[in-house]
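Trainee: Quick one: the structure is below, and I'll ask about it shortly.
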Number of protein chains: 2
Amino acid sequence: MFEDMAKRSATWITGDGPESEIVLSSRIRFARNIADFKFPPSADTDTRDKIIEFVKGSFQSADLLNEGEFFLSSDINSLDQSFLVERHLISPEFMKGGTGRGVFIDNSENLSIMVNEEDHLRLQAISAGLSMNECWEMANEIDTRLAKKMDFAYDDKFGHLTSCPTNVGTGLRASILIHLPGLVLTREIDNVISRISKVGLVVRGFYGEGTDVLGNLFQISNQTTLGRSEEEIIDSLAKVTQQIIEYELKSQETLMQDAADQIEDKVWRSYGILKHARVLNSGEVMNLLSALRLGVSLKLIDKVSLDQINELLIVTQPAHLQKYYEKEMDNNERDMIRAGLVRERLSK
Amino acid sequence: MFEDMAKRSATWITGDGPESEIVLSSRIRFARNIADFKFPPSADTDTRDKIIEFVKGSFQSADLLNEGEFFLSSDINSLDQSFLVERHLISPEFMKGGTGRGVFIDNSENLSIMVNEEDHLRLQAISAGLSMNECWEMANEIDTRLAKKMDFAYDDKFGHLTSCPTNVGTGLRASILIHLPGLVLTREIDNVISRISKVGLVVRGFYGEGTDVLGNLFQISNQTTLGRSEEEIIDSLAKVTQQIIEYELKSQETLMQDAADQIEDKVWRSYGILKHARVLNSGEVMNLLSALRLGVSLKLIDKVSLDQINELLIVTQPAHLQKYYEKEMDNNERDMIRAGLVRERLSK
């Protein structure tokens with residue numbers, strides 16, 4: 001399963017979106033529930049199966065199944081589930097939920113819909129760079145098509161009803177994956193995160209809630225959706241993101257003024273290690289790629305493109321490696337295979 | 001001064017002597033004093049000057065001055081003195097002694113004679129690899145020539161008389177510069193050093209007495225000379241050295257059995273950093289070159305030769321760098337210039 005996907009680059013990671021030197025990707029997610037069914041956390045197995053059946057039928061009649069494929073969680077083994085998490089097509093929580101779940105993935109990989117995760121539907125649109133409006137349009141289009149086929153649980157006062165109160169209202173979460181090496185190196189990052197939190201946004205690690213920050217990559221998203229329109233939420237995140245980009249560029253400038261040699265050294269050492277190491281774990285590779293990414297942004301190195309670096313960030317993840325080489329590997333073997341793959345890609 | 005020398009490789013560092021994968025160089029030093037003069041530690045300025053005059057005259061009549069050059073310490077500035085220490089042509093102690101000293105260096109750089117260091121004469125012969133007999137022959141030849149021109153302070157019972165009792169007797173110190181990365185990585189080195197000490201040998205750092213171990217390079221030499229013949233001292237060091245070489249090879253074998261991937265990784269990372277870093281301090285460069293040297297010995301890498309590595313070990317030293325580029329530089333500037341020189345050499 002997903003063999004072809006493992007060989008190709010994810011569209012949202014191509015380094016050619018707006019502000020792509022700093023913003024890797026944008027994402028819009030709608031939480032939706034169907035009026036006639038219990039919400040997933042309180043639905044029994046039988047109900048969950050019925051929901052799946054109903055949703056699949058709606059996808060069929062909304063013509064979605066011609067544009068992608070629907071997978072039952074019980075048909076996806078744990079390696080493939082990890083693979084989809086790494087590809088940001090399902091959430092880590094989706095994996096923990098056992099059976100009675102499913103996911104639709106469209107052929108472009110820009111769109112996925114988790115069924116019976118925390119809500120009946122979690123519709124996600126993702127694209128490269130700072131491109132929230134593009135995501136919003138994609139998500140809206142599917143949302144509209146689906147709304148014609150099912151009654152969403154909706155309250156005139158509250159808006160969309162969801163399992164968790166933080167999602168009530170628009171049910172919208174807008175988020176960006178952003179690379180902030182300058183703010184980390186100048187130790188300004190904690191300041192920035194605390195300011196972000198004060199305007200109702202939340203900062204998370206690479207894989208979302210409860211995950212570590214790796215490679216100076218941060219996910220920033222809105223905390224709540226109630227009482228604000230979709231436009232307001234998206235505008236607010238876009239504006240704050242523009243500000244963060246400015247802070248990041250400013251801190252990169254400061255670094256180049258105060259410690260250009262050290263930064264250049266850090267970038268080239270990272271390149272040297274990536275190009276020659278024989279053993280690389282997934283955390284180290286992200287940190288080295290982060291330094292290299294900074295070097296490309298600062299035009300200190302031209303041996304690699306943002307595109308290559310972004311793709312390496314994904315393809316060196318544990319499940320991707322195993323899918324790519326079509327075999328299960330333990331930690332030690334992965335670390336060697338990972339180093340080999342990085343060397344190969346950087347020699348191109 | 002010494003501009004030409006700074007551009008050429010020291011003959012004792014060429015990687016082509018016997019056992020050159022492990023032993024960088026061998027050295028024999030004779031301590032000699034002249035019967036009619038007070039020993040340097042108790043000689044006043046006037047006496048020291050007279051000694052210098054007398055010695056120079058003897059060098060002249062022994063035909064030495066056609067084969068090399070004599071320098072007064074007062075004519076050698078502190079950068080040049082450091083340069084000669086790095087080249088192992090004078091001792092660090094020679095530098096601390098102020099005026100009234102001198103050094104003869106032969107054109108091949110295999111031979112040097114310090115005047116008025118701890119003893120009136122410290123005659124040194126040095127050559128590449130494990131080649132103590134070659135050194136001994138060179139030193140003996142000069143010693144014999146000088147003995148015809150001056151009366152050495154000699155006692156029929158004790159042998160050659162010297163300022164420090166440890167040198168009384170043959171006045172001979174035999175030493176080797178040896179690279180022991182395997183013993184360091186397997187943490188066997190302390191064991192080996194303690195065994196060496198028990199057989200009357202002493203282990204020192206890269207620049208001799210009281211200096212740090214850098215780049216896993218050790219100097220091993222005899223502790224005392226009294227009561228043993230020159231042959232015995234040299235044989236004993238040669239035998240112990242052969243044993244240490246065996247231990248080192250054994251530990252390299254163990255490393256390759258137990259942790260081949262980690263060793264290969266260490267070697268290639270070191271290469272990657274050396275080839276790409278923009279800032280390298282002298283300690284780090286020695287440690288990286290040590291790993292690279294191990295990789296060449298183990299045939300894990302063929303991008304550099306022992307010769308190149310040995311030469312880099314010398315030419316990246318602080319005074320060598322400044323002589324090579326013909327300008328005085330502070331620490332920061334040296335670290336950048338050093339990285340540039342290493343990159344340049346490794347691109348050849």
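Labels used: A, B, ... for chains in the order of the structure tokens, numbers from 1 for residues in each chain, and numbers from 1 for ligands as shown.
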Please provide the set of residues having any atom within 12 Å of B:Gln317, restricted to only C-alpha atoms, with same-chain residues fewer than 5 positions apart removed, written as an NGL selection string.
Mentor: :B and (6 or 79 or 82-88 or 206-207 or 214 or 280-286 or 310-312 or 322-324 or 331 or 334-335 or 337-339 or 341-342)
Trainee: Quick one: everything within 10 Å of A:Ser131, counting only C-alpha atoms, minus sequence neighbours fewer than 4 positions away in the same chain. Send it as a ChimeraX atom specification.
Mentor: /A:17-20,23-28,126-127,135-136,176,238
Trainee: Those residues with N, CA and C atoms, as a CSV table (one decimal), in the first residue's frame please?
Mentor:
```csv
chain,number,residue,atom,x,y,z
A,17,GLY,N,6.3,27.5,-3.0
A,17,GLY,CA,5.2,28.3,-2.6
A,17,GLY,C,5.6,29.7,-2.2
A,18,PRO,N,4.6,30.6,-1.9
A,18,PRO,CA,5.0,31.9,-1.5
A,18,PRO,C,5.7,31.8,-0.1
A,19,GLU,N,6.7,32.7,0.1
A,19,GLU,CA,7.5,32.8,1.3
A,19,GLU,C,8.2,31.4,1.6
A,20,SER,N,8.5,30.7,0.6
A,20,SER,CA,8.9,29.3,0.8
A,20,SER,C,10.2,29.2,1.5
A,23,VAL,N,8.4,29.6,5.2
A,23,VAL,CA,7.1,28.8,5.4
A,23,VAL,C,7.2,27.6,4.5
A,24,LEU,N,7.2,26.4,5.1
A,24,LEU,CA,7.2,25.2,4.3
A,24,LEU,C,5.8,24.9,3.7
A,25,SER,N,4.8,25.0,4.6
A,25,SER,CA,3.5,24.6,4.0
A,25,SER,C,2.4,25.3,4.9
A,26,SER,N,1.2,25.3,4.3
A,26,SER,CA,0.0,25.9,4.9
A,26,SER,C,-1.0,24.8,4.9
A,27,ARG,N,-1.9,24.8,5.9
A,27,ARG,CA,-2.9,23.8,6.1
A,27,ARG,C,-4.2,24.3,6.6
A,28,ILE,N,-5.3,23.9,6.1
A,28,ILE,CA,-6.6,24.3,6.6
A,28,ILE,C,-7.3,23.0,7.0
A,126,ILE,N,-3.9,21.0,2.2
A,126,ILE,CA,-2.5,21.4,2.5
A,126,ILE,C,-1.8,21.8,1.2
A,127,SER,N,-1.0,22.9,1.3
A,127,SER,CA,-0.2,23.2,0.1
A,127,SER,C,1.1,23.9,0.5
A,135,CYS,N,-5.5,26.8,0.3
A,135,CYS,CA,-6.0,25.7,1.1
A,135,CYS,C,-7.5,25.9,1.4
A,136,TRP,N,-7.8,27.1,1.8
A,136,TRP,CA,-9.2,27.4,2.2
A,136,TRP,C,-10.2,27.1,1.0
A,176,ILE,N,0.3,26.7,9.9
A,176,ILE,CA,1.5,26.8,9.0
A,176,ILE,C,2.6,26.0,9.6
A,238,ALA,N,-2.5,34.6,9.0
A,238,ALA,CA,-1.6,35.1,7.9
A,238,ALA,C,-0.8,36.4,8.4
```
Trainee: Pull the strand (DSSP E) assignments for stretch 113-243 of chain B out of DSSP run on the backbone, and list those residues as number ranges by chain.
Mentor: B: 113-115, 121-128, 154-155, 159-160, 172-179, 201-204, 217-222
Trainee: Hey, could you make a per-residue contact list for chain B against chain A with 7 Å as the cut-off, showing the nearest pair of atoms and its distance in Å to one decimal, counting only C-alpha atoms, sorted by chain and number, as JSON lines?
Mentor:
```
{"residue": "B:Asp261", "atom": "CA", "partner": "A:Arg278", "partner_atom": "CA", "distance": 7.0}
{"residue": "B:Glu264", "atom": "CA", "partner": "A:Arg278", "partner_atom": "CA", "distance": 6.6}
{"residue": "B:Asp265", "atom": "CA", "partner": "A:Arg278", "partner_atom": "CA", "distance": 4.4}
{"residue": "B:Trp268", "atom": "CA", "partner": "A:His276", "partner_atom": "CA", "distance": 5.3}
{"residue": "B:Arg269", "atom": "CA", "partner": "A:Ala277", "partner_atom": "CA", "distance": 5.0}
{"residue": "B:Gly272", "atom": "CA", "partner": "A:Gly272", "partner_atom": "CA", "distance": 4.0}
{"residue": "B:Ile273", "atom": "CA", "partner": "A:Arg269", "partner_atom": "CA", "distance": 5.1}
{"residue": "B:Lys275", "atom": "CA", "partner": "A:Gly272", "partner_atom": "CA", "distance": 6.9}
{"residue": "B:His276", "atom": "CA", "partner": "A:Trp268", "partner_atom": "CA", "distance": 5.3}
{"residue": "B:Ala277", "atom": "CA", "partner": "A:Arg269", "partner_atom": "CA", "distance": 5.0}
{"residue": "B:Arg278", "atom": "CA", "partner": "A:Asp265", "partner_atom": "CA", "distance": 4.4}
{"residue": "B:Val279", "atom": "CA", "partner": "A:Asp265", "partner_atom": "CA", "distance": 5.8}
```
Trainee: Got a sec: who's within 6 Å of stretch 243-255 of chain B, counting only C-alpha atoms, leaving out chain neighbours fewer than 4 positions off, as a PyMOL selection string?
Mentor: chain B and resi 182-183+259
Trainee: So how far away is atom CA of B:Thr224 from atom CA of B:Met114, in Å?
Mentor: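 It comes out at 20.1 Å.
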Trainee: As a ChimeraX atom specification, please: the residues near A:Glu231 (cut-off 10 Å, only C-alpha atoms, same-chain neighbours under 4 positions excluded).
Mentor: /A:133,136,235-237
Trainee: Can you list every residue in stretch 152-299 of chain B that DSSP puts in helix (DSSP H, G or I), as number ranges by chain?
Mentor: B: 165-167, 181-185, 189-198, 230-276, 282-297
Trainee: To one decimal place in Å, what is the distance between atom CA of B:Met150 and atom CA of B:Glu137?
Mentor: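 Atom-to-atom, atom CA of B:Met150 and atom CA of B:Glu137 are spaced 19.9 Å apart.
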Trainee: Env of A:Thr99: 10 Å cut, atoms = only C-alpha atoms, seq-sep filter 4 positions within chain, self excluded. Answer as a ChimeraX atom specification.
Mentor: /A:45,48-49,72-76,94-95,116
Trainee: Just the selected residues (C-alpha atoms), exported as a PDB file, in the first residue's frame, please.
Mentor:
```pdb
ATOM      1  CA  THR A  45     -18.243  -0.165  17.156  1.00  0.00           C
ATOM      2  CA  ARG A  48     -18.728   3.675  13.881  1.00  0.00           C
ATOM      3  CA  ASP A  49     -19.087   1.088  11.138  1.00  0.00           C
ATOM      4  CA  LEU A  72     -10.182   1.656   6.231  1.00  0.00           C
ATOM      5  CA  SER A  73      -7.828   2.009   9.196  1.00  0.00           C
ATOM      6  CA  SER A  74      -8.024  -1.766   9.661  1.00  0.00           C
ATOM      7  CA  ASP A  75      -6.531  -2.174   6.188  1.00  0.00           C
ATOM      8  CA  ILE A  76      -3.599   0.118   6.930  1.00  0.00           C
ATOM      9  CA  PHE A  94      -5.761   8.690  14.166  1.00  0.00           C
ATOM     10  CA  MET A  95      -3.248   5.885  14.627  1.00  0.00           C
ATOM     11  CA  ASN A 116     -14.090   8.891  12.952  1.00  0.00           C
TER      12      ASN A 116
END
```
Trainee: What is the atom CA of B:Gly200-atom CA of B:Arg187 distance in Å, reported with one decimal?
Mentor: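 These atoms are spaced 22.2 Å apart.
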Trainee: So which residues touch B:Val184 within 12 Å, counting only C-alpha atoms, skipping near sequence neighbours fewer than 2 positions away, as a list in words?
Mentor: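 Residues meeting the cut-off are His179, Leu180, Pro181, Gly182, Thr186, Arg187, Glu188, Ile189, Asp190, Asn191, Val192, Ile193, Val213, Leu214, Gly215, Asn216, Leu217, Phe218, Tyr247, Glu248, Ser251, Gln252, Leu255, Asn287, Ser290, Ala291 and Leu294 of chain B.
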Trainee: Next, the residues of the selection above should be written as a short mmCIF file (atom, residue, chain, number, x, y, z; two decimals), in the first residue's frame with N, CA, C and O atoms.
Mentor:
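Full text of result13.cif as output:
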```
data_model
loop_
_atom_site.label_atom_id
_atom_site.label_comp_id
_atom_site.auth_asym_id
_atom_site.auth_seq_id
_atom_site.Cartn_x
_atom_site.Cartn_y
_atom_site.Cartn_z
N HIS B 179 50.80 7.24 16.72
CA HIS B 179 49.36 7.56 16.60
C HIS B 179 48.56 6.36 17.09
O HIS B 179 48.61 5.30 16.49
N LEU B 180 47.81 6.56 18.18
CA LEU B 180 47.13 5.43 18.82
C LEU B 180 45.61 5.63 18.96
O LEU B 180 45.06 5.54 20.06
N PRO B 181 44.91 5.89 17.86
CA PRO B 181 43.48 6.15 17.94
C PRO B 181 42.69 4.93 18.41
O PRO B 181 41.70 5.06 19.14
N GLY B 182 43.14 3.74 18.02
CA GLY B 182 42.43 2.52 18.40
C GLY B 182 42.46 2.31 19.90
O GLY B 182 41.44 2.03 20.53
N THR B 186 39.14 2.41 22.25
CA THR B 186 38.74 1.24 23.04
C THR B 186 39.05 1.45 24.54
O THR B 186 38.84 0.55 25.34
N ARG B 187 39.54 2.64 24.87
CA ARG B 187 39.90 2.98 26.25
C ARG B 187 40.94 2.06 26.88
O ARG B 187 40.97 1.84 28.08
N GLU B 188 41.77 1.49 26.02
CA GLU B 188 42.87 0.65 26.49
C GLU B 188 44.12 1.48 26.77
O GLU B 188 45.10 0.98 27.30
N ILE B 189 44.08 2.74 26.37
CA ILE B 189 45.31 3.54 26.37
C ILE B 189 45.91 3.69 27.76
O ILE B 189 47.14 3.61 27.93
N ASP B 190 45.07 3.86 28.80
CA ASP B 190 45.61 4.06 30.14
C ASP B 190 46.37 2.83 30.63
O ASP B 190 47.43 2.94 31.23
N ASN B 191 45.80 1.67 30.34
CA ASN B 191 46.48 0.41 30.62
C ASN B 191 47.84 0.35 29.97
O ASN B 191 48.83 -0.01 30.60
N VAL B 192 47.86 0.68 28.68
CA VAL B 192 49.10 0.59 27.92
C VAL B 192 50.13 1.57 28.47
O VAL B 192 51.29 1.23 28.68
N ILE B 193 49.69 2.80 28.75
CA ILE B 193 50.61 3.80 29.29
C ILE B 193 51.18 3.32 30.62
O ILE B 193 52.38 3.47 30.89
N VAL B 213 47.98 15.74 25.12
CA VAL B 213 47.81 14.79 24.02
C VAL B 213 46.78 15.36 23.06
O VAL B 213 45.67 15.70 23.45
N LEU B 214 47.17 15.54 21.82
CA LEU B 214 46.25 16.06 20.80
C LEU B 214 46.22 15.07 19.65
O LEU B 214 47.25 14.50 19.30
N GLY B 215 45.08 14.86 19.10
CA GLY B 215 44.97 14.00 17.92
C GLY B 215 45.45 12.58 18.17
O GLY B 215 45.92 11.93 17.25
N ASN B 216 45.33 12.11 19.41
CA ASN B 216 45.75 10.74 19.74
C ASN B 216 47.21 10.48 19.39
O ASN B 216 47.60 9.36 19.09
N LEU B 217 48.02 11.54 19.40
CA LEU B 217 49.44 11.41 19.12
C LEU B 217 50.23 11.41 20.42
O LEU B 217 50.06 12.31 21.25
N PHE B 218 51.08 10.42 20.58
CA PHE B 218 51.84 10.28 21.82
C PHE B 218 53.32 10.24 21.51
O PHE B 218 53.72 9.70 20.48
N TYR B 247 49.38 -3.89 19.87
CA TYR B 247 48.19 -3.56 20.66
C TYR B 247 47.25 -2.65 19.86
O TYR B 247 46.04 -2.82 19.84
N GLU B 248 47.85 -1.67 19.22
CA GLU B 248 47.04 -0.71 18.47
C GLU B 248 46.29 -1.43 17.33
O GLU B 248 45.10 -1.23 17.13
N SER B 251 43.50 -3.43 18.71
CA SER B 251 42.34 -2.63 19.14
C SER B 251 41.59 -2.09 17.92
O SER B 251 40.37 -1.97 17.94
N GLN B 252 42.31 -1.81 16.84
CA GLN B 252 41.63 -1.39 15.61
C GLN B 252 40.78 -2.54 15.06
O GLN B 252 39.67 -2.33 14.58
N LEU B 255 37.70 -2.79 17.16
CA LEU B 255 36.76 -1.73 16.78
C LEU B 255 36.00 -2.12 15.52
O LEU B 255 34.78 -1.92 15.43
N ASN B 287 42.27 16.44 16.08
CA ASN B 287 41.39 15.30 16.36
C ASN B 287 40.69 14.79 15.11
O ASN B 287 40.54 13.59 14.92
N SER B 290 43.20 12.97 13.08
CA SER B 290 43.46 11.67 13.70
C SER B 290 42.45 10.64 13.24
O SER B 290 42.81 9.52 12.87
N ALA B 291 41.17 11.02 13.23
CA ALA B 291 40.12 10.09 12.78
C ALA B 291 40.33 9.74 11.30
O ALA B 291 40.17 8.59 10.89
N LEU B 294 43.14 7.29 10.97
CA LEU B 294 42.66 5.94 11.30
C LEU B 294 41.93 5.35 10.10
O LEU B 294 42.12 4.18 9.76
#
```
Trainee: Which is closer to A:Leu111 than all the others in A:Glu67, A:Asp151, A:Asp80, A:Glu326, using only C-alpha atoms?
Mentor: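 The answer is A:Glu67, which sits nearest to A:Leu111.
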